[in-house]
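Reviewing the structure listed below.
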Amino acid sequence: MNGRSRVEKLSIFEQVADAFHIPGHLLGLARRPAVKEAGPAHPWVSPFDAAALASESALVLRDMKRYDSAVEHAERAVSLREAGRARSLALSRIALAGLHIHREDLDAAVNVGDELLTTTAPTLGSVRVMHQLDDLRIRLEPHRAYRPVRDLLARLDQAKRARILLLADILTPVEGSRS
């Protein structure tokens with residue numbers, strides 16, 4: 001590959017990073033001045049930061065069945081999440097608990113689940129969080145015989161009932177799920 005094609009590929013890589021608002025240094029690019037946005041960002045848009053990169057890396061590693069590495073990235077995502085980003089923090093904790101289940105580390109899954117339920121406000125109105133909590137519950141169910149899992153399942157059910165009341169007007173029943 002000659003110098004010109006390397007520069008062209010680097011330019012394309014930088015354009016992709018800019019399009020997704022990924023700081024170049026997170027991808028191994030040289031630090032550059034921040035790209036100025038054309039206008040105000042939508043209020044639901046959040047920056048792609050180190051926590052988001054760690055979270056996405058954990059999901060990719062999970063899909064590759066590299067659970068130990070995925071747990072490391074998921075733990076990093078949780079530690080980097082700001083308290084003001086409650087939904088992102090909850091989603092990161094749900095992913096981490098699920099990874100512990102894949103590794104068959106039920107005590108760690110229960111600890112993360114307890115932390116999730118203790119630190120996440122019951123008023124967090126997110127359908128995505130609700131659906132991922134349902135998925136977590138489904139993954140825990142086969143381990144119901146283990147008392148700490150059974151206790152966590154009961155707490156998840158209680159939290160679900162509270163959230164359903166808050167989100168009743170926007171939630172649609174999922175086929176095969178329990179209310």
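All residue names refer to the structure tokens as shown: chains lettered A, B, ... in order, residues numbered from 1 in each chain, ligands numbered from 1 in order.
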
Residue neighbourhood region 90-107 of chain A, 8 Å, only C-alpha atoms, exclusion window fewer than 2 positions, as number ranges by chain: A: 55, 59, 62, 67-68, 70-71, 74-75, 77-78, 86-88, 109-113, 116, 120, 129, 132-133, 136, 139-140, 148-149

Atomic separation - CA of Leu117 (chain A) relative to CA of His73 (chain A), Å: 21.0 Å

Ser126 (chain A) surroundings by only C-alpha atoms, 9 Å radius, close-in-sequence under 4 positions cut, as a PyMOL selection string: chain A and resi 87+130-131+163+167

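Between CA of Leu53 (chain A) and CA of Leu156 (chain A) the separation is 27.8 Å.
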
Backbone-only DSSP, helix (DSSP H, G or I) members of region 58-151 of chain A, as a PyMOL selection string: chain A and resi 58-63+67-80+86-102+106-119+127-143+147-151

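Counting from CA of Gln158 (chain A), the distance to CA of Ala58 (chain A) is 28.3 Å.
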
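If you measure from each of A:Arg66, A:Arg31, A:Arg81, A:Val16 to Ala54 (chain A) using only C-alpha atoms, the closest one turns out to be A:Arg81.
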